[in-house]
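Everything below concerns the one structure shown next.
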Amino acid sequence: MKYLPLLWRSLFRRKVRTIFTLLAVLVAFTLFGFLVAIEAAFGMGVELAGNERLVLIHKVSLIQLLPESYLERIRATPGVTDVCHQTWFGGIYQDPKNFFMQTPVDPDCLLRMYPEYTLPEAQKKAWIADRQGAIAGRTTAEKYGWKIGDRIPIQATIWRKKDNSTNWEFNLVGIYDGAEQGTDTTQFFFQYKYFDESRLFAKGQVGWYVVRIANASRAPQIAGQIDSLFANSPAETKTTTEKAFVQAFANQVGNIALIVRSIIAMAFFIILLVTANTMAESVRERTSELAVLKTLGFTDGRVLALVLVESCLIAGVGGFLGLGLAGVLVPKIPTGNLLPNLFVPTASLGLGIALVFGLGLVAGIFPALRAMRLRIVDALRRV
């Protein structure tokens, strides 16, 4: 602490230069927070998906339907502990831009299969009891101002009702939350039995199956067994792990992780050059002052430490302010229903803190070594 006044005077020897360097570091770490949040949002489905869950779709494509009768044959496969089906509904709420996933499901099975969807027991019972009942994720419910008891109209784009109308109405009986950070709380689920009895065509057909297995290490073998059950049938299947299934969808957007990391690397390289230049200029300007410090008894190691601490202070103040600003602003970014709510992952926050100190050390090491090796006689000769 006794050297703090000395460090403070050194930092603000050139106030404008120091302030702009701090701002550059702050912007870099704020950008870091935004980018890792976006990367996490695109990859969260992959991270939360499990190898103990398999997804079974039609071998031709996901849009081809499968018989509901496959369910019991899949359930009887050795190693399978549970199986549910889902179907793409693809409806519109009020306006075509109001997109969120709507899916007819078996309520009990859905909540067993996805324990990360948390729903109060009373709301679960209400959903099971009401054939027109539906539950919505917290994100979607808050976006549209829904509350339990509301009547939600959905305009179908695919599934017509028996009376040839496209207007489906559901009673909102529950709002689910995510047990884990990043859980998708944008979806809308309703009862498959009501859907199947009310639709005009394709009765007894479902979109895909989600299968839970007892041993994730046997996923390839069990997937092969399931697909062999339906080989040479009119509706052959393709089964893969849920993680691989979600990853395939994410890859259609592009390699988001590579794009994000490339931007971060370029930004930090530029900030490293800026900070290193600031420290080098500071040391050059204080050549005589450093010589006086050594004359007064400061060792080479202490001079080295002073310059390094000065560099780390610039990186630390700017970096921590940037990370803090990102932590406050990122969750407030509206994402619609395209992505889950944005947040800065804890692991990325730890990486950011490590980068703060790394930036300070790397930017300051060469000017610090120059200051340490400075000879008093040579320095005073330059005065």
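Each chain in the structure tokens gets a letter, A, B, ..., in the order shown, and its residues are numbered from 1; ligands are numbered from 1 in order too.
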
6 Å contact set for stretch 186-199 of chain A, only C-alpha atoms, chain neighbours under 5 positions out, as a PyMOL selection string = chain A and resi 101-106+131+134-137+139-140+160-162

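Neighbours of stretch 258-270 of chain A closer than or equal to 10 Å, with only C-alpha atoms counted and sequence neighbours fewer than 4 positions away skipped, come out as Ala24, Val25, Val27, Ala28, Phe29, Leu31, Phe32, Gly33, Phe34, Leu35, Val36, Ala37, Ile38, Glu39, Gly254, Val274, Thr275, Ala276, Leu355 and Leu359 of chain A.
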
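Using only C-alpha atoms, the nearest neighbour of A:Ile63 within the list A:Thr77, A:Ser311, A:Asn98, A:Thr87 is A:Thr87.
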
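The space separating atom CA of A:Thr118 from atom CA of A:Arg138 comes to 10.4 Å.
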
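With only C-alpha atoms as the basis for measurement, A:Gly133 is the residue among A:Gly207, A:Gly145, A:Gly133, A:Gly360 that approaches A:Asn171 most closely.
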
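Using only C-alpha atoms, the shortest contact distance between A:Leu172 and any of A:Ile158, A:Gly318, A:Lys124, A:Arg218 is found at A:Lys124.
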
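In this comparison, which uses only C-alpha atoms, the residue of A:Phe343, A:Phe99, A:Phe298, A:Trp146 approaching A:Met372 most closely is A:Phe298.
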
One decimal place gives the atom CA of A:Thr240-atom CA of A:Leu111 separation as 21.2 Å

In terms of only C-alpha atoms, the residue from A:Leu54, A:Ile222, A:Val303, A:Leu329 at minimal distance from A:Ala76 is A:Ile222
